[in-house]
$ cat data.txt   # compact mmCIF, C-alpha atoms
# COMPACT_ATOMS: atom_id res chain seq x y z
CA MET A 1 0.00 0.00 0.00
CA LYS A 2 1.10 3.56 -0.73
CA LEU A 3 0.71 6.03 2.13
CA ILE A 4 0.33 9.59 0.89
CA ILE A 5 0.40 12.56 3.25
CA HIS A 6 -0.44 15.89 1.64
CA ASP A 7 -1.53 19.38 2.67
CA LYS A 8 -3.81 20.24 -0.26
CA ASP A 9 -7.60 20.00 -0.54
CA GLN A 10 -9.99 17.18 -1.48
CA LYS A 11 -9.90 18.14 -5.17
CA PHE A 12 -6.15 17.62 -5.22
CA GLU A 13 -6.71 13.99 -4.24
CA GLU A 14 -8.12 13.27 -7.71
CA LEU A 15 -4.80 14.34 -9.20
CA ILE A 16 -2.92 12.21 -6.72
CA ARG A 17 -5.01 9.17 -7.55
CA LYS A 18 -4.39 9.74 -11.26
CA LYS A 19 -0.65 9.79 -10.65
CA PHE A 20 -0.13 7.11 -8.03
CA GLU A 21 -3.00 4.63 -8.38
CA ASN A 22 -1.24 2.31 -10.80
CA ASN A 23 -2.83 -1.04 -11.55
CA GLY A 24 -5.51 -0.55 -8.90
CA GLU A 25 -2.92 -0.33 -6.13
CA GLU A 26 -4.45 0.66 -2.80
CA LEU A 27 -3.71 4.18 -1.54
CA ASN A 28 -4.04 5.48 2.00
CA ILE A 29 -4.33 9.25 1.65
CA ILE A 30 -3.96 11.43 4.75
CA THR A 31 -5.60 14.82 4.29
CA ASP A 32 -6.03 17.84 6.53
CA ASP A 33 -9.60 17.73 7.89
CA GLY A 34 -8.91 20.63 10.24
CA THR A 35 -9.08 18.54 13.42
CA ILE A 36 -5.48 17.47 13.96
CA HIS A 37 -4.00 17.99 17.43
CA ASN A 38 -0.34 18.68 17.92
CA CYS A 39 1.94 16.10 19.52
CA VAL A 40 2.48 17.10 23.14
CA GLY A 41 5.49 14.86 23.72
CA CYS A 42 3.69 12.72 26.33
CA PHE A 43 5.07 9.43 24.89
CA HIS A 44 1.77 7.65 25.65
CA CYS A 45 2.12 6.09 22.18
CA TRP A 46 5.29 4.38 23.46
CA ILE A 47 4.72 3.58 27.09
CA LYS A 48 0.99 3.68 27.85
CA THR A 49 -0.95 2.64 24.74
CA PRO A 50 1.82 1.52 22.36
CA THR A 51 1.16 2.58 18.73
CA GLU A 52 -1.90 4.65 19.67
CA CYS A 53 -1.81 8.37 20.26
CA MET A 54 -3.60 9.71 23.32
CA TRP A 55 -5.43 12.21 21.07
CA LYS A 56 -8.53 10.56 19.66
CA ASP A 57 -8.80 12.28 16.31
CA ASN A 58 -8.42 10.99 12.75
CA TYR A 59 -4.65 10.86 13.13
CA SER A 60 -4.33 8.61 16.20
CA HIS A 61 -3.24 5.52 14.28
CA MET A 62 -0.45 6.84 12.11
CA SER A 63 1.85 4.12 13.39
CA LYS A 64 -0.34 1.41 11.85
CA ALA A 65 -0.77 3.43 8.66
CA MET A 66 3.02 3.52 8.25
CA GLY A 67 3.43 -0.09 9.33
CA ASP A 68 1.05 -1.15 6.54
CA ALA A 69 2.78 0.93 3.85
CA ASP A 70 5.47 -0.15 1.43
CA GLU A 71 5.76 3.37 0.10
CA LEU A 72 5.53 6.81 1.74
CA ILE A 73 4.82 9.86 -0.41
CA LEU A 74 4.93 13.31 1.18
CA ILE A 75 3.47 16.24 -0.74
CA SER A 76 3.98 19.53 1.03
CA ARG A 77 4.42 23.23 0.73
CA CYS A 78 8.03 23.93 1.62
CA CYS A 79 8.28 26.06 4.75
CA TYR A 80 11.81 27.31 5.43
CA GLY A 81 13.25 23.99 4.21
CA THR A 82 10.88 21.68 6.04
CA TYR A 83 7.33 20.49 5.48
CA SER A 84 4.19 22.56 6.01
CA PRO A 85 2.67 22.59 9.53
CA PHE A 86 0.08 19.93 8.65
CA VAL A 87 2.54 17.45 7.13
CA ARG A 88 4.96 18.11 10.00
CA ASN A 89 2.08 17.56 12.41
CA VAL A 90 1.24 14.17 10.90
CA LEU A 91 4.90 13.13 11.09
CA ASP A 92 5.08 14.24 14.74
CA ARG A 93 2.02 12.09 15.42
CA SER A 94 3.74 9.11 13.75
CA LEU A 95 6.37 8.76 16.47
CA SER A 96 5.24 5.29 17.52
CA TYR A 97 6.07 3.90 14.09
CA ILE A 98 9.46 3.52 15.74
CA HIS A 99 10.30 1.78 19.03
CA PRO A 100 11.53 3.64 22.14
CA ASP A 101 14.77 1.63 22.38
CA PHE A 102 17.93 2.84 20.67
CA THR A 103 20.02 1.29 17.94
CA LYS A 104 22.86 2.45 15.65
CA ARG A 105 22.00 3.25 12.07
CA ASN A 106 24.16 5.16 9.62
CA HIS A 107 26.75 5.53 12.43
CA GLU A 108 24.22 7.53 14.45
CA ILE A 109 21.91 6.69 17.33
CA HIS A 110 18.33 6.13 16.20
CA HIS A 111 15.34 4.27 17.50
CA LYS A 112 14.78 0.61 16.78
CA THR A 113 12.13 -0.25 14.26
CA ARG A 114 8.76 -1.54 15.47
CA TYR A 115 7.53 -2.90 12.14
CA THR A 116 9.33 -5.04 9.58
CA ASN A 117 8.42 -2.97 6.52
CA ARG A 118 10.76 -0.44 4.95
CA MET A 119 8.94 2.43 3.23
CA LYS A 120 10.31 3.64 -0.08
CA THR A 121 10.09 7.36 0.55
CA SER A 122 9.69 10.31 -1.76
CA ALA A 123 8.96 13.95 -0.99
CA TYR A 124 7.43 16.54 -3.31
CA PHE A 125 7.89 20.12 -2.14
CA TYR A 126 6.06 22.96 -3.81
CA GLY A 127 6.17 26.74 -3.53
CA ASP A 128 8.65 29.55 -4.03
CA ILE A 129 11.70 27.78 -2.60
CA THR A 130 15.16 29.30 -2.21
CA PRO A 131 18.31 27.25 -2.97
CA GLU A 132 19.15 27.19 0.77
CA GLU A 133 15.68 25.90 1.59
CA LYS A 134 16.08 23.15 -1.00
CA GLU A 135 19.35 22.06 0.61
CA THR A 136 17.74 22.03 4.06
CA ALA A 137 14.73 20.08 2.75
CA LYS A 138 17.05 17.43 1.33
CA LYS A 139 18.74 17.08 4.73
CA VAL A 140 15.38 16.85 6.53
CA VAL A 141 13.98 14.19 4.20
CA LYS A 142 17.16 12.12 4.29
CA ALA A 143 17.17 12.32 8.11
CA ASN A 144 13.54 11.14 8.16
CA ILE A 145 14.38 8.21 5.93
CA ILE A 146 17.24 7.12 8.22
CA ASN A 147 15.09 7.65 11.30
CA PHE A 148 12.22 5.57 9.90
CA ASN A 149 14.64 3.02 8.41
CA GLY A 150 13.10 3.74 5.02
CA ILE A 151 14.53 3.58 1.51
CA TYR A 152 15.27 6.75 -0.45
CA LYS A 153 13.21 7.12 -3.60
CA GLY A 154 13.38 10.80 -4.51
CA ILE A 155 13.02 14.46 -3.58
CA TYR A 156 11.32 16.82 -6.00
CA PHE A 157 10.78 20.58 -6.01
CA MET A 158 8.08 22.36 -7.98
CA GLN A 159 6.36 25.72 -8.14
CA GLU A 160 2.78 24.42 -7.78
CA ALA A 161 1.61 21.19 -6.17
CA GLU A 162 -0.31 20.43 -9.36
CA ASP A 163 3.03 20.21 -11.21
CA ILE A 164 3.42 16.83 -9.54
CA LEU A 165 1.69 15.33 -12.57
CA ASN A 166 4.67 16.28 -14.72
CA GLU A 167 7.30 14.85 -12.40
CA THR A 168 8.86 11.59 -13.47
CA GLU A 169 9.24 9.34 -10.49
CA ALA A 170 12.59 7.84 -9.65
CA GLU A 171 12.74 4.08 -10.09
CA MET B 1 18.46 46.14 24.19
CA LYS B 2 15.73 43.67 25.01
CA THR B 3 15.94 39.89 24.56
CA ALA B 4 13.02 37.49 24.09
CA LEU B 5 13.45 33.98 25.52
CA ILE B 6 10.91 31.60 24.00
CA THR B 7 10.36 28.14 25.46
CA ALA B 8 8.88 26.44 22.42
CA SER B 9 8.40 22.88 23.64
CA PRO B 10 4.90 21.37 23.73
CA LYS B 11 5.75 20.44 27.32
CA GLY B 12 6.04 24.11 28.26
CA ILE B 13 7.72 24.90 31.59
CA ASN B 14 8.32 21.21 32.38
CA SER B 15 10.58 20.77 29.39
CA ALA B 16 14.28 20.36 28.69
CA SER B 17 13.98 23.49 26.55
CA LYS B 18 12.94 25.52 29.62
CA CYS B 19 15.85 24.06 31.63
CA LEU B 20 18.28 25.08 28.86
CA LEU B 21 16.87 28.61 28.77
CA ASP B 22 17.19 28.81 32.56
CA MET B 23 20.87 27.84 32.26
CA LEU B 24 21.31 30.53 29.62
CA LYS B 25 19.40 33.11 31.65
CA LYS B 26 21.82 32.76 34.56
CA GLN B 27 24.53 33.95 32.17
CA LEU B 28 22.55 36.85 30.73
CA GLU B 29 22.94 38.99 33.83
CA ASN B 30 21.95 42.67 33.69
CA MET B 31 19.97 42.19 30.51
CA GLU B 32 16.34 43.09 30.00
CA LEU B 33 14.56 39.80 29.30
CA GLU B 34 11.04 39.01 28.18
CA GLU B 35 9.98 35.36 28.58
CA PHE B 36 7.40 33.41 26.60
CA VAL B 37 6.09 29.85 26.58
CA TRP B 38 4.83 28.67 23.20
CA ASN B 39 3.18 25.28 23.44
CA ARG B 40 0.03 25.92 21.43
CA MET B 41 -0.76 25.87 17.75
CA SER B 42 -0.82 29.66 17.41
CA CYS B 43 0.77 32.63 19.10
CA SER B 44 -1.04 35.73 20.30
CA GLY B 45 -0.82 39.17 18.75
CA ASP B 46 0.32 40.45 22.13
CA ASP B 47 3.29 38.02 22.15
CA MET B 48 4.25 39.02 18.62
CA GLU B 49 4.17 42.72 19.48
CA LYS B 50 6.38 42.16 22.51
CA ILE B 51 8.80 40.00 20.53
CA GLY B 52 8.82 42.57 17.72
CA ALA B 53 10.09 45.10 20.26
CA CYS B 54 13.14 42.93 21.10
CA ASP B 55 16.43 43.01 19.26
CA ALA B 56 17.41 39.44 20.14
CA ILE B 57 15.10 36.43 20.04
CA VAL B 58 16.15 33.09 21.53
CA PHE B 59 14.14 29.97 20.76
CA ALA B 60 14.63 26.73 22.68
CA PHE B 61 12.79 23.69 21.37
CA PRO B 62 13.05 19.90 21.02
CA LEU B 63 13.77 18.11 17.77
CA TYR B 64 10.61 16.39 16.52
CA ILE B 65 11.09 13.83 13.73
CA ASP B 66 14.28 15.58 12.54
CA SER B 67 12.74 19.02 12.43
CA ILE B 68 10.75 21.70 14.23
CA PRO B 69 7.67 20.70 16.25
CA SER B 70 4.59 21.47 14.15
CA HIS B 71 3.01 23.83 16.68
CA LEU B 72 6.17 25.96 16.62
CA LEU B 73 6.23 25.96 12.84
CA ARG B 74 2.69 27.38 12.82
CA CYS B 75 3.78 30.10 15.26
CA LEU B 76 6.94 30.85 13.24
CA ILE B 77 4.86 31.45 10.11
CA GLN B 78 2.74 33.97 12.05
CA LEU B 79 5.79 35.65 13.57
CA GLN B 80 7.64 35.80 10.24
CA GLU B 81 4.70 37.63 8.68
CA TYR B 82 4.54 40.02 11.64
CA LEU B 83 8.28 40.77 11.69
CA SER B 84 8.29 41.34 7.94
CA SER B 85 5.28 43.66 8.21
CA ILE B 86 6.96 45.87 10.83
CA GLY B 87 10.29 45.81 8.98
CA ALA B 88 12.16 44.36 11.97
CA GLY B 89 15.43 44.38 9.99
CA THR B 90 18.83 42.76 10.25
CA ASP B 91 19.74 44.44 13.54
CA VAL B 92 17.46 41.87 15.15
CA HIS B 93 19.24 38.57 15.80
CA VAL B 94 17.66 35.16 16.33
CA TYR B 95 19.37 32.35 18.25
CA ALA B 96 18.20 28.73 18.47
CA ILE B 97 18.87 26.05 21.09
CA VAL B 98 17.69 22.67 19.84
CA ASN B 99 17.77 19.49 21.91
CA ASN B 100 17.13 15.93 20.87
CA GLY B 101 16.59 12.66 22.70
CA PHE B 102 19.43 10.90 20.92
CA PHE B 103 23.05 11.10 21.93
CA ASP B 104 24.03 12.78 18.65
CA SER B 105 23.77 16.54 18.78
CA LYS B 106 24.51 16.80 15.05
CA GLN B 107 21.03 15.44 14.37
CA ASP B 108 19.73 18.90 15.39
CA ILE B 109 21.50 20.58 12.46
CA PRO B 110 18.64 20.37 9.91
CA ALA B 111 16.30 22.07 12.42
CA ILE B 112 18.89 24.82 12.97
CA ASP B 113 19.10 25.24 9.19
CA VAL B 114 15.32 25.65 9.13
CA MET B 115 15.68 28.46 11.67
CA LYS B 116 18.36 30.11 9.49
CA ASN B 117 15.98 30.01 6.52
CA TRP B 118 13.21 31.38 8.70
CA ALA B 119 15.39 34.33 9.72
CA VAL B 120 16.04 35.15 6.05
CA ARG B 121 12.30 35.11 5.31
CA ALA B 122 11.63 37.30 8.35
CA GLY B 123 14.30 39.76 7.20
CA ILE B 124 16.33 39.41 10.41
CA SER B 125 19.80 38.02 11.15
CA PHE B 126 20.57 34.51 12.33
CA GLY B 127 22.91 34.72 15.31
CA GLN B 128 23.84 31.20 16.33
CA GLY B 129 22.51 27.69 16.75
CA ILE B 130 23.30 25.38 19.66
CA ALA B 131 22.70 21.68 19.01
CA VAL B 132 22.25 19.73 22.24
CA GLY B 133 22.18 15.94 22.39
CA GLY B 134 21.03 13.78 25.28
CA GLY B 135 17.98 16.00 25.78
CA GLY B 136 16.13 13.14 27.49
CA MET B 137 18.15 13.56 30.68
CA ILE B 138 18.18 17.36 30.99
CA THR B 139 15.09 17.73 33.18
CA GLY B 140 16.35 14.88 35.35
CA ILE B 141 19.62 16.66 36.13
CA LYS B 142 18.29 20.21 36.36
CA ASN B 143 19.00 20.50 40.09
CA LEU B 144 22.64 19.42 39.78
CA SER B 145 25.49 21.92 39.69
CA ASP B 146 25.82 23.85 36.43
CA GLU B 147 29.57 24.13 36.67
CA HIS B 148 30.47 20.52 37.53
CA GLY B 149 29.27 17.09 36.48
CA PRO B 150 27.00 16.18 33.55
CA LYS B 151 25.62 19.71 32.98
CA LYS B 152 29.01 21.42 32.77
CA ASN B 153 29.56 21.06 28.98
CA ILE B 154 26.13 22.43 28.21
CA TYR B 155 26.42 25.29 30.70
CA MET B 156 29.73 26.36 29.18
CA ILE B 157 28.44 26.34 25.61
CA LEU B 158 25.41 28.35 26.76
CA GLY B 159 27.88 30.77 28.36
CA GLU B 160 29.46 31.31 24.93
CA LEU B 161 26.01 31.79 23.47
CA ALA B 162 25.19 34.34 26.21
CA LYS B 163 28.27 36.36 25.25
CA ASN B 164 27.20 36.35 21.61
CA ILE B 165 23.66 37.38 22.52
CA LYS B 166 24.93 40.25 24.68
CA SER B 167 27.02 41.62 21.82
CA ARG B 168 24.45 40.61 19.15
CA LYS B 169 27.16 38.62 17.42
CA THR B 170 26.77 35.91 14.83
CA ALA B 171 28.74 32.71 15.29
CA GLU B 172 29.03 29.17 13.99
CA THR B 173 26.66 26.46 15.22
CA LYS B 174 28.02 24.56 18.23
CA THR B 175 27.21 20.98 19.19
CA VAL B 176 27.27 19.71 22.78
CA LEU B 177 26.45 16.62 24.84
CA PRO B 178 25.90 16.07 28.54
CA GLY B 179 29.02 14.86 30.33
CA ILE B 180 28.16 11.19 30.59
CA PRO B 181 29.12 8.21 28.43
CA GLU B 182 26.75 7.21 25.64
CA ILE B 183 26.25 3.74 27.08
CA VAL B 184 25.08 5.20 30.41
CA TYR B 185 22.64 7.51 28.64
CA LYS B 186 21.24 4.62 26.67
CA LEU B 187 20.88 2.48 29.78
CA ILE B 188 19.15 5.22 31.77
CA ALA B 189 16.74 5.98 28.90
CA GLN B 190 15.78 2.39 28.19
CA THR B 191 15.41 1.49 31.87
CA GLY B 192 13.31 4.62 32.34
CA TRP B 193 10.89 3.65 29.56
CA ARG B 194 10.52 0.18 31.06
CA ASN B 195 9.82 1.51 34.55
CA ILE B 196 7.12 3.88 33.32
CA ALA B 197 5.59 1.20 31.08
CA LYS B 198 5.44 -1.17 34.06
CA LYS B 199 3.73 1.49 36.17
CA ASN B 200 1.22 1.87 33.33
CA GLY B 201 0.41 -1.84 33.60
CA LEU B 202 2.27 -2.91 30.46
CA ARG B 203 4.41 -6.00 29.99
CA MET B 204 7.87 -5.45 28.55
CA SER B 205 6.84 -7.14 25.30
CA ASP B 206 4.08 -4.53 24.90
CA LEU B 207 6.72 -1.89 24.14
CA GLY B 208 7.25 -3.56 20.77
CA LYS B 209 3.57 -4.13 20.06
CA ARG B 210 2.33 -3.71 16.49
CA SER B 211 -1.19 -2.72 15.55
$ encode --input "data.txt" --output "structure tokens"
Amino acid sequence: MKLIIHDKDQKFEELIRKKFENNGEELNIITDDGTIHNCVGCFHCWIKTPTECMWKDNYSHMSKAMGDADELILISRCCYGTYSPFVRNVLDRSLSYIHPDFTKRNHEIHHKTRYTNRMKTSAYFYGDITPEEKETAKKVVKANIINFNGIYKGIYFMQEAEDILNETEAE
Amino acid sequence: MKTALITASPKGINSASKCLLDMLKKQLENMELEEFVWNRMSCSGDDMEKIGACDAIVFAFPLYIDSIPSHLLRCLIQLQEYLSSIGAGTDVHVYAIVNNGFFDSKQDIPAIDVMKNWAVRAGISFGQGIAVGGGGMITGIKNLSDEHGPKKNIYMILGELAKNIKSRKTAETKTVLPGIPEIVYKLIAQTGWRNIAKKNGLRMSDLGKRS
């Protein structure tokens, strides 16, 4: 399954389906419904109700959504070289995709994995993006991929989110 | 010469970010300080006006999934628009203290780069970033001596930062770790999680549960 997290509206989802729904492949699309709570750093999703966030909104099971995905696609306005607040918010709420214990990965300390999948990850940033912001965004995405023990697929920059249709995906 | 100190952790005053700002504050003697706690998804107009009247702004926040916590990002967008609208200018300097729960302070660097980019968009100067590792133990050691033991390294780096803030200087990003071995940090953290999980009625195997 492909997990797509984006910060655009419902209409944009039609475009996404056109691009990513190859051969009837199932998509799990996470959209901003205006109800998301911010992560408060309580760690309940690790040490009280593992994998479940203490906030009971439509984003409380992001851990499972990631655990079920073989591909992660992030589509976001670029804000200062990171994702938009909504996409960042969803990632913050995905903490329990990883395990509280530490391990070494890429010669750095990271958290152990909870699930056995490895998400092929690509990020599509749109907006008026400076060269410095592009460099930062590349660092952020690569750090996320190491942190989530994912597999790098690609990072793309575009003026408008709709330009995603013209992007050729990395193999 | 007024300095804004912003605790920007979702945990507010009970956070490592607040402890780090308190350590910095001790070394900002004789300075006019204005303190803020940002742990909500928006910041008030009153806060922005007060911050807009400062010529140094210090943010302290935790690293969340390799970047800036989303609530802070929402506030930064608001503040950037405000600072641009009042023409704050490059005499205003922003400093960032980022802490993470790993024992690798360099993992804070992308978040510091985000703050640099934010400063450019806001039309102000980026002063310095301090990347702190081992953030998970900072609240636990807050009552220990600043000048000896595990807090010493951090206190000294924050002393350098304080000097730069006082003179509104820009400087290279510095990385720092608490003065304990990595293996001890790891042991304390993992034992800590297990103790809390047990108190919450979980079995040890539940920590690795999948849904």
$ residues_near_point --input "data.txt" --point "(-9.3, 10.0, 12.1)" --cutoff "9 Å" --atoms "all atoms listed in the file" --output "list in words"
Asp33, Thr35, Ile36, Lys56, Asp57, Asn58, Tyr59, Ser60 and His61 of chain A
$ residues_around --input "data.txt" --residues "Phe12 of chain A" --least-positions-apart "6" --cutoff "10 Å" --atoms "all atoms listed in the file" --output "number ranges by chain"
A: 6, 31, 161-162
$ write_last_selection --input "data.txt" --atoms "C-alpha atoms" --output "mmCIF file, in the frame of the given file"
data_model
loop_
_atom_site.group_PDB
_atom_site.id
_atom_site.type_symbol
_atom_site.label_atom_id
_atom_site.label_comp_id
_atom_site.auth_asym_id
_atom_site.auth_seq_id
_atom_site.Cartn_x
_atom_site.Cartn_y
_atom_site.Cartn_z
ATOM 1 C CA HIS A 6 -0.440 15.890 1.640
ATOM 2 C CA THR A 31 -5.600 14.820 4.290
ATOM 3 C CA ALA A 161 1.610 21.190 -6.170
ATOM 4 C CA GLU A 162 -0.310 20.430 -9.360
#
$ closest_atom_pairs --input "data.txt" --of "chain B" --to "chain A" --cutoff "9 Å" --atoms "all atoms listed in the file" --output "JSON lines"
{"residue": "B:Ser9", "atom": "CA", "partner": "A:Val40", "partner_atom": "CA", "distance": 8.3}
{"residue": "B:Pro10", "atom": "CA", "partner": "A:Val40", "partner_atom": "CA", "distance": 4.9}
{"residue": "B:Lys11", "atom": "CA", "partner": "A:Val40", "partner_atom": "CA", "distance": 6.3}
{"residue": "B:Asn39", "atom": "CA", "partner": "A:Val40", "partner_atom": "CA", "distance": 8.2}
{"residue": "B:Arg40", "atom": "CA", "partner": "A:Asn38", "partner_atom": "CA", "distance": 8.1}
{"residue": "B:Met41", "atom": "CA", "partner": "A:Asn38", "partner_atom": "CA", "distance": 7.2}
{"residue": "B:Tyr64", "atom": "CA", "partner": "A:Asp92", "partner_atom": "CA", "distance": 6.2}
{"residue": "B:Ile65", "atom": "CA", "partner": "A:Asp92", "partner_atom": "CA", "distance": 6.1}
{"residue": "B:Asp66", "atom": "CA", "partner": "A:Ala143", "partner_atom": "CA", "distance": 6.2}
{"residue": "B:Ser67", "atom": "CA", "partner": "A:Val140", "partner_atom": "CA", "distance": 6.8}
{"residue": "B:Ile68", "atom": "CA", "partner": "A:Arg88", "partner_atom": "CA", "distance": 8.0}
{"residue": "B:Pro69", "atom": "CA", "partner": "A:Asp92", "partner_atom": "CA", "distance": 7.1}
{"residue": "B:Ser70", "atom": "CA", "partner": "A:Asn89", "partner_atom": "CA", "distance": 5.0}
{"residue": "B:His71", "atom": "CA", "partner": "A:Asn38", "partner_atom": "CA", "distance": 6.3}
{"residue": "B:Leu72", "atom": "CA", "partner": "A:Pro85", "partner_atom": "CA", "distance": 8.6}
{"residue": "B:Leu73", "atom": "CA", "partner": "A:Pro85", "partner_atom": "CA", "distance": 5.9}
{"residue": "B:Arg74", "atom": "CA", "partner": "A:Pro85", "partner_atom": "CA", "distance": 5.8}
{"residue": "B:Ile77", "atom": "CA", "partner": "A:Cys79", "partner_atom": "CA", "distance": 8.3}
{"residue": "B:Phe102", "atom": "CA", "partner": "A:Ile109", "partner_atom": "CA", "distance": 6.1}
{"residue": "B:Phe103", "atom": "CA", "partner": "A:Ile109", "partner_atom": "CA", "distance": 6.5}
{"residue": "B:Asp104", "atom": "CA", "partner": "A:Ile109", "partner_atom": "CA", "distance": 6.6}
{"residue": "B:Gln107", "atom": "CA", "partner": "A:Ala143", "partner_atom": "CA", "distance": 8.0}
{"residue": "B:Ile109", "atom": "CA", "partner": "A:Lys139", "partner_atom": "CA", "distance": 8.9}
{"residue": "B:Pro110", "atom": "CA", "partner": "A:Val140", "partner_atom": "CA", "distance": 5.9}
{"residue": "B:Ala111", "atom": "CA", "partner": "A:Val140", "partner_atom": "CA", "distance": 7.9}
{"residue": "B:Asp113", "atom": "CA", "partner": "A:Thr136", "partner_atom": "CA", "distance": 6.2}
{"residue": "B:Val114", "atom": "CA", "partner": "A:Tyr80", "partner_atom": "CA", "distance": 5.4}
{"residue": "B:Met115", "atom": "CA", "partner": "A:Tyr80", "partner_atom": "CA", "distance": 7.4}
{"residue": "B:Lys116", "atom": "CA", "partner": "A:Tyr80", "partner_atom": "CA", "distance": 8.2}
{"residue": "B:Asn117", "atom": "CA", "partner": "A:Tyr80", "partner_atom": "CA", "distance": 5.1}
{"residue": "B:Trp118", "atom": "CA", "partner": "A:Tyr80", "partner_atom": "CA", "distance": 5.4}
{"residue": "B:Ala119", "atom": "CA", "partner": "A:Tyr80", "partner_atom": "CA", "distance": 9.0}
{"residue": "B:Val120", "atom": "CA", "partner": "A:Tyr80", "partner_atom": "CA", "distance": 8.9}
{"residue": "B:Arg121", "atom": "CA", "partner": "A:Tyr80", "partner_atom": "CA", "distance": 7.8}
{"residue": "B:Lys186", "atom": "CA", "partner": "A:Phe102", "partner_atom": "CA", "distance": 7.1}
{"residue": "B:Ala189", "atom": "CA", "partner": "A:Asp101", "partner_atom": "CA", "distance": 8.1}
{"residue": "B:Gln190", "atom": "CA", "partner": "A:Asp101", "partner_atom": "CA", "distance": 5.9}
{"residue": "B:Trp193", "atom": "CA", "partner": "A:Ile47", "partner_atom": "CA", "distance": 6.6}
{"residue": "B:Arg194", "atom": "CA", "partner": "A:Ile47", "partner_atom": "CA", "distance": 7.8}
{"residue": "B:Ile196", "atom": "CA", "partner": "A:Ile47", "partner_atom": "CA", "distance": 6.7}
{"residue": "B:Ala197", "atom": "CA", "partner": "A:Ile47", "partner_atom": "CA", "distance": 4.7}
{"residue": "B:Lys198", "atom": "CA", "partner": "A:Ile47", "partner_atom": "CA", "distance": 8.5}
{"residue": "B:Asn200", "atom": "CA", "partner": "A:Lys48", "partner_atom": "CA", "distance": 5.8}
{"residue": "B:Gly201", "atom": "CA", "partner": "A:Lys48", "partner_atom": "CA", "distance": 8.0}
{"residue": "B:Leu202", "atom": "CA", "partner": "A:Lys48", "partner_atom": "CA", "distance": 7.2}
{"residue": "B:Asp206", "atom": "CA", "partner": "A:Pro50", "partner_atom": "CA", "distance": 6.9}
{"residue": "B:Leu207", "atom": "CA", "partner": "A:Pro50", "partner_atom": "CA", "distance": 6.2}
{"residue": "B:Gly208", "atom": "CA", "partner": "A:Arg114", "partner_atom": "CA", "distance": 5.9}
{"residue": "B:Lys209", "atom": "CA", "partner": "A:Pro50", "partner_atom": "CA", "distance": 6.3}
{"residue": "B:Arg210", "atom": "CA", "partner": "A:Thr51", "partner_atom": "CA", "distance": 6.8}
{"residue": "B:Ser211", "atom": "CA", "partner": "A:Lys64", "partner_atom": "CA", "distance": 5.6}
$ write_last_selection --input "data.txt" --atoms "C-alpha atoms" --output "mmCIF file, keeping the file's coordinate frame"
data_model
loop_
_atom_site.group_PDB
_atom_site.id
_atom_site.type_symbol
_atom_site.label_atom_id
_atom_site.label_comp_id
_atom_site.auth_asym_id
_atom_site.auth_seq_id
_atom_site.Cartn_x
_atom_site.Cartn_y
_atom_site.Cartn_z
ATOM 1 C CA SER B 9 8.400 22.880 23.640
ATOM 2 C CA PRO B 10 4.900 21.370 23.730
ATOM 3 C CA LYS B 11 5.750 20.440 27.320
ATOM 4 C CA ASN B 39 3.180 25.280 23.440
ATOM 5 C CA ARG B 40 0.030 25.920 21.430
ATOM 6 C CA MET B 41 -0.760 25.870 17.750
ATOM 7 C CA TYR B 64 10.610 16.390 16.520
ATOM 8 C CA ILE B 65 11.090 13.830 13.730
ATOM 9 C CA ASP B 66 14.280 15.580 12.540
ATOM 10 C CA SER B 67 12.740 19.020 12.430
ATOM 11 C CA ILE B 68 10.750 21.700 14.230
ATOM 12 C CA PRO B 69 7.670 20.700 16.250
ATOM 13 C CA SER B 70 4.590 21.470 14.150
ATOM 14 C CA HIS B 71 3.010 23.830 16.680
ATOM 15 C CA LEU B 72 6.170 25.960 16.620
ATOM 16 C CA LEU B 73 6.230 25.960 12.840
ATOM 17 C CA ARG B 74 2.690 27.380 12.820
ATOM 18 C CA ILE B 77 4.860 31.450 10.110
ATOM 19 C CA PHE B 102 19.430 10.900 20.920
ATOM 20 C CA PHE B 103 23.050 11.100 21.930
ATOM 21 C CA ASP B 104 24.030 12.780 18.650
ATOM 22 C CA GLN B 107 21.030 15.440 14.370
ATOM 23 C CA ILE B 109 21.500 20.580 12.460
ATOM 24 C CA PRO B 110 18.640 20.370 9.910
ATOM 25 C CA ALA B 111 16.300 22.070 12.420
ATOM 26 C CA ASP B 113 19.100 25.240 9.190
ATOM 27 C CA VAL B 114 15.320 25.650 9.130
ATOM 28 C CA MET B 115 15.680 28.460 11.670
ATOM 29 C CA LYS B 116 18.360 30.110 9.490
ATOM 30 C CA ASN B 117 15.980 30.010 6.520
ATOM 31 C CA TRP B 118 13.210 31.380 8.700
ATOM 32 C CA ALA B 119 15.390 34.330 9.720
ATOM 33 C CA VAL B 120 16.040 35.150 6.050
ATOM 34 C CA ARG B 121 12.300 35.110 5.310
ATOM 35 C CA LYS B 186 21.240 4.620 26.670
ATOM 36 C CA ALA B 189 16.740 5.980 28.900
ATOM 37 C CA GLN B 190 15.780 2.390 28.190
ATOM 38 C CA TRP B 193 10.890 3.650 29.560
ATOM 39 C CA ARG B 194 10.520 0.180 31.060
ATOM 40 C CA ILE B 196 7.120 3.880 33.320
ATOM 41 C CA ALA B 197 5.590 1.200 31.080
ATOM 42 C CA LYS B 198 5.440 -1.170 34.060
ATOM 43 C CA ASN B 200 1.220 1.870 33.330
ATOM 44 C CA GLY B 201 0.410 -1.840 33.600
ATOM 45 C CA LEU B 202 2.270 -2.910 30.460
ATOM 46 C CA ASP B 206 4.080 -4.530 24.900
ATOM 47 C CA LEU B 207 6.720 -1.890 24.140
ATOM 48 C CA GLY B 208 7.250 -3.560 20.770
ATOM 49 C CA LYS B 209 3.570 -4.130 20.060
ATOM 50 C CA ARG B 210 2.330 -3.710 16.490
ATOM 51 C CA SER B 211 -1.190 -2.720 15.550
#
